[in-house]
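The next block is structure_22.pdb, given as PDB, N, CA and C atoms.
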```
ATOM      1  N   MET N   1      88.287  93.256  50.134
ATOM      2  CA  MET N   1      87.482  93.687  51.251
ATOM      3  C   MET N   1      87.695  92.768  52.464
ATOM      4  N   ALA N   2      87.679  91.480  52.232
ATOM      5  CA  ALA N   2      87.876  90.518  53.312
ATOM      6  C   ALA N   2      89.288  90.635  53.877
ATOM      7  N   GLU N   3      90.247  90.988  53.003
ATOM      8  CA  GLU N   3      91.636  91.150  53.432
ATOM      9  C   GLU N   3      91.782  92.322  54.407
ATOM     10  N   LYS N   4      91.087  93.419  54.115
ATOM     11  CA  LYS N   4      91.139  94.596  55.006
ATOM     12  C   LYS N   4      90.480  94.290  56.347
ATOM     13  N   LYS N   5      89.407  93.528  56.296
ATOM     14  CA  LYS N   5      88.727  93.149  57.533
ATOM     15  C   LYS N   5      89.644  92.290  58.401
ATOM     16  N   GLU N   6      90.353  91.366  57.765
ATOM     17  CA  GLU N   6      91.285  90.496  58.484
ATOM     18  C   GLU N   6      92.438  91.321  59.077
ATOM     19  N   GLU N   7      92.939  92.298  58.317
ATOM     20  CA  GLU N   7      94.008  93.171  58.818
ATOM     21  C   GLU N   7      93.528  93.949  60.043
ATOM     22  N   ALA N   8      92.311  94.457  59.974
ATOM     23  CA  ALA N   8      91.750  95.209  61.095
ATOM     24  C   ALA N   8      91.581  94.326  62.331
ATOM     25  N   GLU N   9      91.135  93.101  62.119
ATOM     26  CA  GLU N   9      90.970  92.163  63.237
ATOM     27  C   GLU N   9      92.322  91.817  63.864
ATOM     28  N   ASN N  10      93.335  91.622  63.008
ATOM     29  CA  ASN N  10      94.676  91.331  63.516
ATOM     30  C   ASN N  10      95.237  92.516  64.290
ATOM     31  N   ALA N  11      95.009  93.723  63.787
ATOM     32  CA  ALA N  11      95.474  94.925  64.489
ATOM     33  C   ALA N  11      94.795  95.038  65.851
ATOM     34  N   ASP N  12      93.505  94.758  65.896
ATOM     35  CA  ASP N  12      92.768  94.798  67.168
ATOM     36  C   ASP N  12      93.347  93.802  68.166
ATOM     37  N   LYS N  13      93.670  92.602  67.689
ATOM     38  CA  LYS N  13      94.257  91.577  68.561
ATOM     39  C   LYS N  13      95.630  92.021  69.054
ATOM     40  N   ASP N  14      96.433  92.586  68.144
ATOM     41  CA  ASP N  14      97.769  93.049  68.515
ATOM     42  C   ASP N  14      97.704  94.176  69.536
ATOM     43  N   ILE N  15      96.794  95.109  69.328
ATOM     44  CA  ILE N  15      96.638  96.228  70.259
ATOM     45  C   ILE N  15      96.174  95.723  71.620
ATOM     46  N   SER N  16      95.224  94.827  71.614
ATOM     47  CA  SER N  16      94.724  94.257  72.867
ATOM     48  C   SER N  16      95.851  93.552  73.616
ATOM     49  N   HIS N  17      96.662  92.795  72.902
ATOM     50  CA  HIS N  17      97.787  92.079  73.504
ATOM     51  C   HIS N  17      98.805  93.072  74.068
ATOM     52  N   LEU N  18      99.107  94.126  73.321
ATOM     53  CA  LEU N  18     100.048  95.147  73.772
ATOM     54  C   LEU N  18      99.564  95.811  75.057
ATOM     55  N   LEU N  19      98.320  96.224  75.066
ATOM     56  CA  LEU N  19      97.775  96.915  76.239
ATOM     57  C   LEU N  19      97.729  95.992  77.452
ATOM     58  N   LYS N  20      97.374  94.746  77.225
ATOM     59  CA  LYS N  20      97.321  93.779  78.326
ATOM     60  C   LYS N  20      98.724  93.500  78.871
ATOM     61  N   SER N  21      99.712  93.435  77.990
ATOM     62  CA  SER N  21     101.089  93.178  78.404
ATOM     63  C   SER N  21     101.633  94.285  79.287
ATOM     64  N   VAL N  22     101.206  95.496  79.044
ATOM     65  CA  VAL N  22     101.726  96.653  79.768
ATOM     66  C   VAL N  22     100.943  96.928  81.047
ATOM     67  N   GLU N  23      99.745  96.381  81.142
ATOM     68  CA  GLU N  23      98.879  96.612  82.306
ATOM     69  C   GLU N  23      99.565  96.251  83.630
ATOM     70  N   GLY N  24     100.156  95.078  83.687
ATOM     71  CA  GLY N  24     100.821  94.636  84.912
ATOM     72  C   GLY N  24     102.009  95.512  85.260
ATOM     73  N   LEU N  25     102.748  95.930  84.251
ATOM     74  CA  LEU N  25     103.884  96.814  84.460
ATOM     75  C   LEU N  25     103.423  98.147  85.045
ATOM     76  N   GLN N  26     102.358  98.690  84.503
ATOM     77  CA  GLN N  26     101.834  99.958  85.013
ATOM     78  C   GLN N  26     101.376  99.824  86.467
ATOM     79  N   GLU N  27     100.732  98.724  86.791
ATOM     80  CA  GLU N  27     100.283  98.509  88.168
ATOM     81  C   GLU N  27     101.468  98.411  89.131
ATOM     82  N   THR N  28     102.518  97.716  88.703
ATOM     83  CA  THR N  28     103.713  97.592  89.540
ATOM     84  C   THR N  28     104.350  98.960  89.765
ATOM     85  N   LEU N  29     104.418  99.769  88.725
ATOM     86  CA  LEU N  29     104.989 101.107  88.863
ATOM     87  C   LEU N  29     104.137 101.973  89.793
ATOM     88  N   LYS N  30     102.824 101.838  89.692
ATOM     89  CA  LYS N  30     101.924 102.583  90.600
ATOM     90  C   LYS N  30     102.163 102.165  92.044
ATOM     91  N   ASP N  31     102.313 100.871  92.273
ATOM     92  CA  ASP N  31     102.590 100.381  93.634
ATOM     93  C   ASP N  31     103.916 100.929  94.145
ATOM     94  N   GLY N  32     104.914 100.994  93.274
ATOM     95  CA  GLY N  32     106.204 101.543  93.658
ATOM     96  C   GLY N  32     106.108 103.001  94.053
ATOM     97  N   ILE N  33     105.294 103.747  93.340
ATOM     98  CA  ILE N  33     105.089 105.164  93.659
ATOM     99  C   ILE N  33     104.438 105.302  95.028
ATOM    100  N   LYS N  34     103.449 104.454  95.306
ATOM    101  CA  LYS N  34     102.787 104.489  96.622
ATOM    102  C   LYS N  34     103.785 104.186  97.733
ATOM    103  N   LYS N  35     104.616 103.175  97.540
ATOM    104  CA  LYS N  35     105.608 102.816  98.552
ATOM    105  C   LYS N  35     106.618 103.941  98.745
ATOM    106  N   ASN N  36     107.018 104.562  97.637
ATOM    107  CA  ASN N  36     107.985 105.662  97.726
ATOM    108  C   ASN N  36     107.412 106.841  98.497
ATOM    109  N   SER N  37     106.147 107.125  98.283
ATOM    110  CA  SER N  37     105.547 108.274  98.965
ATOM    111  C   SER N  37     105.354 108.012 100.462
ATOM    112  N   LYS N  38     105.181 106.753 100.848
ATOM    113  CA  LYS N  38     105.008 106.406 102.263
ATOM    114  C   LYS N  38     106.339 106.345 103.002
ATOM    115  N   ALA N  39     107.434 106.234 102.265
ATOM    116  CA  ALA N  39     108.738 106.009 102.882
ATOM    117  C   ALA N  39     109.646 107.232 102.733
ATOM    118  N   ASP N  40     109.137 108.386 103.066
ATOM    119  CA  ASP N  40     109.888 109.628 102.891
ATOM    120  C   ASP N  40     111.291 109.597 103.481
ATOM    121  N   GLY N  41     111.426 109.177 104.723
ATOM    122  CA  GLY N  41     112.717 109.248 105.377
ATOM    123  C   GLY N  41     113.551 107.990 105.253
ATOM    124  N   GLU N  42     113.086 107.020 104.515
ATOM    125  CA  GLU N  42     113.788 105.736 104.436
ATOM    126  C   GLU N  42     115.021 105.808 103.560
ATOM    127  N   ASN N  43     115.946 104.959 103.853
ATOM    128  CA  ASN N  43     117.162 104.810 103.067
ATOM    129  C   ASN N  43     116.774 104.323 101.662
ATOM    130  N   THR N  44     117.352 104.971 100.641
ATOM    131  CA  THR N  44     117.019 104.636  99.255
ATOM    132  C   THR N  44     117.345 103.190  98.915
ATOM    133  N   SER N  45     118.452 102.670  99.411
ATOM    134  CA  SER N  45     118.811 101.285  99.071
ATOM    135  C   SER N  45     117.816 100.286  99.651
ATOM    136  N   ILE N  46     117.292 100.579 100.836
ATOM    137  CA  ILE N  46     116.263  99.701 101.421
ATOM    138  C   ILE N  46     115.000  99.748 100.577
ATOM    139  N   LEU N  47     114.626 100.947 100.158
ATOM    140  CA  LEU N  47     113.429 101.120  99.349
ATOM    141  C   LEU N  47     113.573 100.397  98.008
ATOM    142  N   LEU N  48     114.725 100.535  97.365
ATOM    143  CA  LEU N  48     114.941  99.869  96.080
ATOM    144  C   LEU N  48     114.924  98.354  96.223
ATOM    145  N   SER N  49     115.413  97.867  97.345
ATOM    146  CA  SER N  49     115.411  96.412  97.526
ATOM    147  C   SER N  49     113.992  95.876  97.633
ATOM    148  N   ARG N  50     113.054  96.724  98.051
ATOM    149  CA  ARG N  50     111.654  96.290  98.137
ATOM    150  C   ARG N  50     110.912  96.473  96.828
ATOM    151  N   THR N  51     111.152  97.568  96.123
ATOM    152  CA  THR N  51     110.377  97.855  94.915
ATOM    153  C   THR N  51     111.085  97.416  93.633
ATOM    154  N   GLY N  52     112.414  97.374  93.643
ATOM    155  CA  GLY N  52     113.183  97.052  92.440
ATOM    156  C   GLY N  52     112.879  95.707  91.821
ATOM    157  N   PRO N  53     112.915  94.622  92.598
ATOM    158  CA  PRO N  53     112.666  93.304  92.002
ATOM    159  C   PRO N  53     111.292  93.187  91.328
ATOM    160  N   ALA N  54     110.270  93.729  91.937
ATOM    161  CA  ALA N  54     108.936  93.652  91.336
ATOM    162  C   ALA N  54     108.888  94.422  90.025
ATOM    163  N   THR N  55     109.546  95.576  90.002
ATOM    164  CA  THR N  55     109.571  96.378  88.775
ATOM    165  C   THR N  55     110.328  95.651  87.674
ATOM    166  N   ILE N  56     111.478  95.115  88.015
ATOM    167  CA  ILE N  56     112.274  94.382  87.027
ATOM    168  C   ILE N  56     111.493  93.181  86.495
ATOM    169  N   ASN N  57     110.870  92.439  87.388
ATOM    170  CA  ASN N  57     110.076  91.271  86.960
ATOM    171  C   ASN N  57     108.927  91.676  86.054
ATOM    172  N   SER N  58     108.320  92.821  86.314
ATOM    173  CA  SER N  58     107.217  93.293  85.468
ATOM    174  C   SER N  58     107.707  93.666  84.079
ATOM    175  N   TYR N  59     108.871  94.305  84.013
ATOM    176  CA  TYR N  59     109.447  94.614  82.698
ATOM    177  C   TYR N  59     109.783  93.338  81.943
ATOM    178  N   VAL N  60     110.376  92.379  82.635
ATOM    179  CA  VAL N  60     110.725  91.105  81.995
ATOM    180  C   VAL N  60     109.465  90.438  81.436
ATOM    181  N   ALA N  61     108.411  90.417  82.218
ATOM    182  CA  ALA N  61     107.158  89.794  81.764
ATOM    183  C   ALA N  61     106.591  90.519  80.544
ATOM    184  N   ALA N  62     106.608  91.844  80.567
ATOM    185  CA  ALA N  62     106.090  92.610  79.436
ATOM    186  C   ALA N  62     106.950  92.382  78.190
ATOM    187  N   PHE N  63     108.275  92.401  78.357
ATOM    188  CA  PHE N  63     109.176  92.179  77.220
ATOM    189  C   PHE N  63     108.957  90.793  76.632
ATOM    190  N   ARG N  64     108.867  89.786  77.487
ATOM    191  CA  ARG N  64     108.661  88.414  76.999
ATOM    192  C   ARG N  64     107.341  88.286  76.257
ATOM    193  N   SER N  65     106.313  88.875  76.823
ATOM    194  CA  SER N  65     104.992  88.794  76.217
ATOM    195  C   SER N  65     104.977  89.414  74.818
ATOM    196  N   LEU N  66     105.763  90.464  74.644
ATOM    197  CA  LEU N  66     105.807  91.153  73.352
ATOM    198  C   LEU N  66     106.956  90.672  72.462
ATOM    199  N   HIS N  67     107.730  89.701  72.964
ATOM    200  CA  HIS N  67     108.846  89.108  72.209
ATOM    201  C   HIS N  67     109.900  90.148  71.832
ATOM    202  N   VAL N  68     110.265  90.994  72.808
ATOM    203  CA  VAL N  68     111.323  91.979  72.608
ATOM    204  C   VAL N  68     112.370  91.797  73.703
ATOM    205  N   THR N  69     113.559  92.303  73.444
ATOM    206  CA  THR N  69     114.630  92.157  74.426
ATOM    207  C   THR N  69     115.256  93.487  74.841
ATOM    208  N   THR N  70     114.857  94.573  74.200
ATOM    209  CA  THR N  70     115.411  95.877  74.553
ATOM    210  C   THR N  70     114.299  96.895  74.756
ATOM    211  N   LYS N  71     114.640  97.951  75.466
ATOM    212  CA  LYS N  71     113.663  99.019  75.709
ATOM    213  C   LYS N  71     113.283  99.700  74.393
ATOM    214  N   SER N  72     114.238  99.875  73.500
ATOM    215  CA  SER N  72     113.917 100.516  72.216
ATOM    216  C   SER N  72     112.977  99.642  71.379
ATOM    217  N   ALA N  73     113.160  98.331  71.421
ATOM    218  CA  ALA N  73     112.244  97.430  70.708
ATOM    219  C   ALA N  73     110.858  97.470  71.347
ATOM    220  N   PHE N  74     110.823  97.555  72.672
ATOM    221  CA  PHE N  74     109.567  97.670  73.420
ATOM    222  C   PHE N  74     108.817  98.928  72.979
ATOM    223  N   GLU N  75     109.537 100.046  72.921
ATOM    224  CA  GLU N  75     108.925 101.304  72.486
ATOM    225  C   GLU N  75     108.514 101.235  71.017
ATOM    226  N   GLY N  76     109.276 100.478  70.222
ATOM    227  CA  GLY N  76     108.942 100.312  68.807
ATOM    228  C   GLY N  76     107.609  99.619  68.599
ATOM    229  N   VAL N  77     107.279  98.695  69.483
ATOM    230  CA  VAL N  77     105.976  98.024  69.398
ATOM    231  C   VAL N  77     104.861  99.058  69.588
ATOM    232  N   PHE N  78     105.049  99.957  70.536
ATOM    233  CA  PHE N  78     104.058 101.016  70.736
ATOM    234  C   PHE N  78     103.971 101.908  69.499
ATOM    235  N   GLN N  79     105.119 102.306  68.980
ATOM    236  CA  GLN N  79     105.147 103.224  67.843
ATOM    237  C   GLN N  79     104.422 102.644  66.637
ATOM    238  N   LYS N  80     104.477 101.344  66.509
ATOM    239  CA  LYS N  80     103.799 100.668  65.399
ATOM    240  C   LYS N  80     102.291 100.942  65.416
ATOM    241  N   PHE N  81     101.744 101.164  66.632
ATOM    242  CA  PHE N  81     100.293 101.344  66.778
ATOM    243  C   PHE N  81      99.918 102.726  67.317
ATOM    244  N   PHE N  82     100.800 103.701  67.151
ATOM    245  CA  PHE N  82     100.534 105.040  67.679
ATOM    246  C   PHE N  82      99.310 105.711  67.056
ATOM    247  N   ARG N  83      98.875 105.241  65.932
ATOM    248  CA  ARG N  83      97.704 105.873  65.313
ATOM    249  C   ARG N  83      96.414 105.591  66.096
ATOM    250  N   TYR N  84      96.513 104.679  67.053
ATOM    251  CA  TYR N  84      95.355 104.343  67.878
ATOM    252  C   TYR N  84      95.461 105.100  69.216
ATOM    253  N   PRO N  85      94.458 105.895  69.542
ATOM    254  CA  PRO N  85      94.522 106.733  70.756
ATOM    255  C   PRO N  85      94.768 105.938  72.044
ATOM    256  N   GLU N  86      94.204 104.745  72.161
ATOM    257  CA  GLU N  86      94.387 103.976  73.388
ATOM    258  C   GLU N  86      95.839 103.532  73.569
ATOM    259  N   VAL N  87      96.543 103.329  72.469
ATOM    260  CA  VAL N  87      97.959 102.963  72.534
ATOM    261  C   VAL N  87      98.789 104.173  72.947
ATOM    262  N   GLN N  88      98.504 105.320  72.362
ATOM    263  CA  GLN N  88      99.205 106.550  72.743
ATOM    264  C   GLN N  88      99.006 106.849  74.222
ATOM    265  N   GLU N  89      97.784 106.714  74.676
ATOM    266  CA  GLU N  89      97.463 106.991  76.076
ATOM    267  C   GLU N  89      98.198 106.029  77.012
ATOM    268  N   SER N  90      98.223 104.759  76.662
ATOM    269  CA  SER N  90      98.912 103.767  77.476
ATOM    270  C   SER N  90     100.408 104.061  77.541
ATOM    271  N   PHE N  91     100.990 104.414  76.402
ATOM    272  CA  PHE N  91     102.415 104.727  76.356
ATOM    273  C   PHE N  91     102.719 105.978  77.183
ATOM    274  N   ASP N  92     101.907 107.005  77.034
ATOM    275  CA  ASP N  92     102.091 108.236  77.814
ATOM    276  C   ASP N  92     101.987 107.954  79.313
ATOM    277  N   ASN N  93     101.018 107.139  79.700
ATOM    278  CA  ASN N  93     100.856 106.771  81.109
ATOM    279  C   ASN N  93     102.085 106.022  81.623
ATOM    280  N   LEU N  94     102.605 105.119  80.810
ATOM    281  CA  LEU N  94     103.785 104.360  81.198
ATOM    282  C   LEU N  94     104.986 105.289  81.402
ATOM    283  N   LEU N  95     105.185 106.219  80.467
ATOM    284  CA  LEU N  95     106.306 107.162  80.605
ATOM    285  C   LEU N  95     106.159 108.013  81.862
ATOM    286  N   GLU N  96     104.956 108.444  82.133
ATOM    287  CA  GLU N  96     104.681 109.253  83.318
ATOM    288  C   GLU N  96     104.994 108.474  84.595
ATOM    289  N   LEU N  97     104.581 107.221  84.632
ATOM    290  CA  LEU N  97     104.836 106.376  85.789
ATOM    291  C   LEU N  97     106.332 106.115  85.969
ATOM    292  N   GLU N  98     107.036 105.936  84.870
ATOM    293  CA  GLU N  98     108.483 105.715  84.955
ATOM    294  C   GLU N  98     109.183 106.929  85.553
ATOM    295  N   VAL N  99     108.763 108.113  85.153
ATOM    296  CA  VAL N  99     109.373 109.332  85.679
ATOM    297  C   VAL N  99     109.097 109.490  87.169
ATOM    298  N   LYS N 100     107.879 109.163  87.587
ATOM    299  CA  LYS N 100     107.502 109.298  88.991
ATOM    300  C   LYS N 100     108.190 108.269  89.868
ATOM    301  N   ASN N 101     108.540 107.126  89.282
ATOM    302  CA  ASN N 101     109.172 106.064  90.041
ATOM    303  C   ASN N 101     110.600 106.415  90.201
TER     304      ASN N 101
END
```
Mind turning the file's structure into structure tokens?
Amino acid sequence: MAEKKEEAENADKDISHLLKSVEGLQETLKDGIKKNSKADGENTSILLSRTGPATINSYVAAFRSLHVTTKSAFEGVFQKFFRYPEVQESFDNLLELEVKN
């Protein structure tokens, strides 16, 4: 019984860490979408030079925080906790933001 409680507590900590790690990335992607929508007629290379570095840095921070080095490993961390609705929702939101960016 105590073992199951400990497993549940560890899962809660892992989920919390995962969601927190992705929070900054999602915010950066949202900011990029706002900048893209304001810059309709701008040259794409100029726009990427403004939004690209922040996005890349956010991915690097999220990957480091989760101790992964590839996008597939990053997605694998989510898949490990897909049975939790908040993880599914966070992953879906991230995919949506990536498409919009």
Quiz item: In Å, with one decimal, what is the gap from CA of Asp31 (chain N) to atom N of Thr55 (chain N)?
Solution: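 Computing it gives 9.2 Å between the two atoms.
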Quiz prompt | Picked residues, the PyMOL selection byres (((chain N and resi 25 and name CA) around 12) and name CA), as a VMD selection string | solution = chain N and resid 18 to 24 26 to 32 54 to 63 65 90 to 91 93 to 95 97 to 98
If you keep N, CA and C atoms, can you produce a file of those selected residues as a CSV table (one decimal), in the coordinates of the input?
```
chain,number,residue,atom,x,y,z
N,18,LEU,N,99.1,94.1,73.3
N,18,LEU,CA,100.0,95.1,73.8
N,18,LEU,C,99.6,95.8,75.1
N,19,LEU,N,98.3,96.2,75.1
N,19,LEU,CA,97.8,96.9,76.2
N,19,LEU,C,97.7,96.0,77.5
N,20,LYS,N,97.4,94.7,77.2
N,20,LYS,CA,97.3,93.8,78.3
N,20,LYS,C,98.7,93.5,78.9
N,21,SER,N,99.7,93.4,78.0
N,21,SER,CA,101.1,93.2,78.4
N,21,SER,C,101.6,94.3,79.3
N,22,VAL,N,101.2,95.5,79.0
N,22,VAL,CA,101.7,96.7,79.8
N,22,VAL,C,100.9,96.9,81.0
N,23,GLU,N,99.7,96.4,81.1
N,23,GLU,CA,98.9,96.6,82.3
N,23,GLU,C,99.6,96.3,83.6
N,24,GLY,N,100.2,95.1,83.7
N,24,GLY,CA,100.8,94.6,84.9
N,24,GLY,C,102.0,95.5,85.3
N,26,GLN,N,102.4,98.7,84.5
N,26,GLN,CA,101.8,100.0,85.0
N,26,GLN,C,101.4,99.8,86.5
N,27,GLU,N,100.7,98.7,86.8
N,27,GLU,CA,100.3,98.5,88.2
N,27,GLU,C,101.5,98.4,89.1
N,28,THR,N,102.5,97.7,88.7
N,28,THR,CA,103.7,97.6,89.5
N,28,THR,C,104.4,99.0,89.8
N,29,LEU,N,104.4,99.8,88.7
N,29,LEU,CA,105.0,101.1,88.9
N,29,LEU,C,104.1,102.0,89.8
N,30,LYS,N,102.8,101.8,89.7
N,30,LYS,CA,101.9,102.6,90.6
N,30,LYS,C,102.2,102.2,92.0
N,31,ASP,N,102.3,100.9,92.3
N,31,ASP,CA,102.6,100.4,93.6
N,31,ASP,C,103.9,100.9,94.1
N,32,GLY,N,104.9,101.0,93.3
N,32,GLY,CA,106.2,101.5,93.7
N,32,GLY,C,106.1,103.0,94.1
N,54,ALA,N,110.3,93.7,91.9
N,54,ALA,CA,108.9,93.7,91.3
N,54,ALA,C,108.9,94.4,90.0
N,55,THR,N,109.5,95.6,90.0
N,55,THR,CA,109.6,96.4,88.8
N,55,THR,C,110.3,95.7,87.7
N,56,ILE,N,111.5,95.1,88.0
N,56,ILE,CA,112.3,94.4,87.0
N,56,ILE,C,111.5,93.2,86.5
N,57,ASN,N,110.9,92.4,87.4
N,57,ASN,CA,110.1,91.3,87.0
N,57,ASN,C,108.9,91.7,86.1
N,58,SER,N,108.3,92.8,86.3
N,58,SER,CA,107.2,93.3,85.5
N,58,SER,C,107.7,93.7,84.1
N,59,TYR,N,108.9,94.3,84.0
N,59,TYR,CA,109.4,94.6,82.7
N,59,TYR,C,109.8,93.3,81.9
N,60,VAL,N,110.4,92.4,82.6
N,60,VAL,CA,110.7,91.1,82.0
N,60,VAL,C,109.5,90.4,81.4
N,61,ALA,N,108.4,90.4,82.2
N,61,ALA,CA,107.2,89.8,81.8
N,61,ALA,C,106.6,90.5,80.5
N,62,ALA,N,106.6,91.8,80.6
N,62,ALA,CA,106.1,92.6,79.4
N,62,ALA,C,107.0,92.4,78.2
N,63,PHE,N,108.3,92.4,78.4
N,63,PHE,CA,109.2,92.2,77.2
N,63,PHE,C,109.0,90.8,76.6
N,65,SER,N,106.3,88.9,76.8
N,65,SER,CA,105.0,88.8,76.2
N,65,SER,C,105.0,89.4,74.8
N,90,SER,N,98.2,104.8,76.7
N,90,SER,CA,98.9,103.8,77.5
N,90,SER,C,100.4,104.1,77.5
N,91,PHE,N,101.0,104.4,76.4
N,91,PHE,CA,102.4,104.7,76.4
N,91,PHE,C,102.7,106.0,77.2
N,93,ASN,N,101.0,107.1,79.7
N,93,ASN,CA,100.9,106.8,81.1
N,93,ASN,C,102.1,106.0,81.6
N,94,LEU,N,102.6,105.1,80.8
N,94,LEU,CA,103.8,104.4,81.2
N,94,LEU,C,105.0,105.3,81.4
N,95,LEU,N,105.2,106.2,80.5
N,95,LEU,CA,106.3,107.2,80.6
N,95,LEU,C,106.2,108.0,81.9
N,97,LEU,N,104.6,107.2,84.6
N,97,LEU,CA,104.8,106.4,85.8
N,97,LEU,C,106.3,106.1,86.0
N,98,GLU,N,107.0,105.9,84.9
N,98,GLU,CA,108.5,105.7,85.0
N,98,GLU,C,109.2,106.9,85.6
```
Quiz item: Taking into account only N, CA and C atoms, which residue in the set N:Glu86, N:Gly52, N:Leu66, N:Ile33 is nearest to Lys100 (chain N)?
Solution: N:Ile33
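CA of Arg64 (chain N) sits 20.9 Å away from CA of Asp92 (chain N).
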Exercise. Measure the distance from atom N of Ile15 (chain N) to CA of Phe81 (chain N) in Å and round it to one decimal.
Key: 7.6 Å
Complete region 13-20 of chain N with all heavy atoms (output as a CSV table (one decimal), in the coordinates of the input).
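The resulting file, selection-v6.csv, is reproduced below:
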```csv
chain,number,residue,atom,x,y,z
N,13,LYS,N,93.7,92.6,67.7
N,13,LYS,CA,94.3,91.6,68.6
N,13,LYS,C,95.6,92.0,69.1
N,13,LYS,O,96.0,91.9,70.2
N,13,LYS,CB,94.4,90.2,67.8
N,13,LYS,CG,93.1,89.5,67.6
N,13,LYS,CD,93.3,88.3,66.8
N,13,LYS,CE,92.0,87.6,66.4
N,13,LYS,NZ,92.1,86.4,65.6
N,14,ASP,N,96.4,92.6,68.1
N,14,ASP,CA,97.8,93.0,68.5
N,14,ASP,C,97.7,94.2,69.5
N,14,ASP,O,98.5,94.2,70.5
N,14,ASP,CB,98.5,93.5,67.3
N,14,ASP,CG,98.9,92.4,66.3
N,14,ASP,OD1,98.9,91.2,66.8
N,14,ASP,OD2,99.3,92.7,65.2
N,15,ILE,N,96.8,95.1,69.3
N,15,ILE,CA,96.6,96.2,70.3
N,15,ILE,C,96.2,95.7,71.6
N,15,ILE,O,96.7,96.1,72.7
N,15,ILE,CB,95.6,97.3,69.7
N,15,ILE,CG1,96.3,98.0,68.5
N,15,ILE,CG2,95.2,98.3,70.8
N,15,ILE,CD1,95.3,98.8,67.7
N,16,SER,N,95.2,94.8,71.6
N,16,SER,CA,94.7,94.3,72.9
N,16,SER,C,95.9,93.6,73.6
N,16,SER,O,96.0,93.7,74.8
N,16,SER,CB,93.6,93.3,72.6
N,16,SER,OG,93.1,92.7,73.7
N,17,HIS,N,96.7,92.8,72.9
N,17,HIS,CA,97.8,92.1,73.5
N,17,HIS,C,98.8,93.1,74.1
N,17,HIS,O,99.3,92.9,75.2
N,17,HIS,CB,98.4,91.2,72.5
N,17,HIS,CG,99.6,90.4,73.0
N,17,HIS,ND1,99.5,89.4,73.9
N,17,HIS,CD2,101.0,90.6,72.8
N,17,HIS,CE1,100.7,88.9,74.2
N,17,HIS,NE2,101.6,89.7,73.5
N,18,LEU,N,99.1,94.1,73.3
N,18,LEU,CA,100.0,95.1,73.8
N,18,LEU,C,99.6,95.8,75.1
N,18,LEU,O,100.3,95.9,76.0
N,18,LEU,CB,100.2,96.2,72.7
N,18,LEU,CG,101.0,97.5,73.0
N,18,LEU,CD1,102.5,97.1,73.4
N,18,LEU,CD2,101.0,98.4,71.9
N,19,LEU,N,98.3,96.2,75.1
N,19,LEU,CA,97.8,96.9,76.2
N,19,LEU,C,97.7,96.0,77.5
N,19,LEU,O,98.0,96.4,78.6
N,19,LEU,CB,96.4,97.5,75.9
N,19,LEU,CG,96.4,98.6,74.8
N,19,LEU,CD1,94.9,99.0,74.5
N,19,LEU,CD2,97.2,99.8,75.2
N,20,LYS,N,97.4,94.7,77.2
N,20,LYS,CA,97.3,93.8,78.3
N,20,LYS,C,98.7,93.5,78.9
N,20,LYS,O,98.9,93.4,80.1
N,20,LYS,CB,96.7,92.5,77.9
N,20,LYS,CG,96.4,91.5,79.0
N,20,LYS,CD,95.6,90.3,78.5
N,20,LYS,CE,95.3,89.4,79.6
N,20,LYS,NZ,94.5,88.3,79.2
```
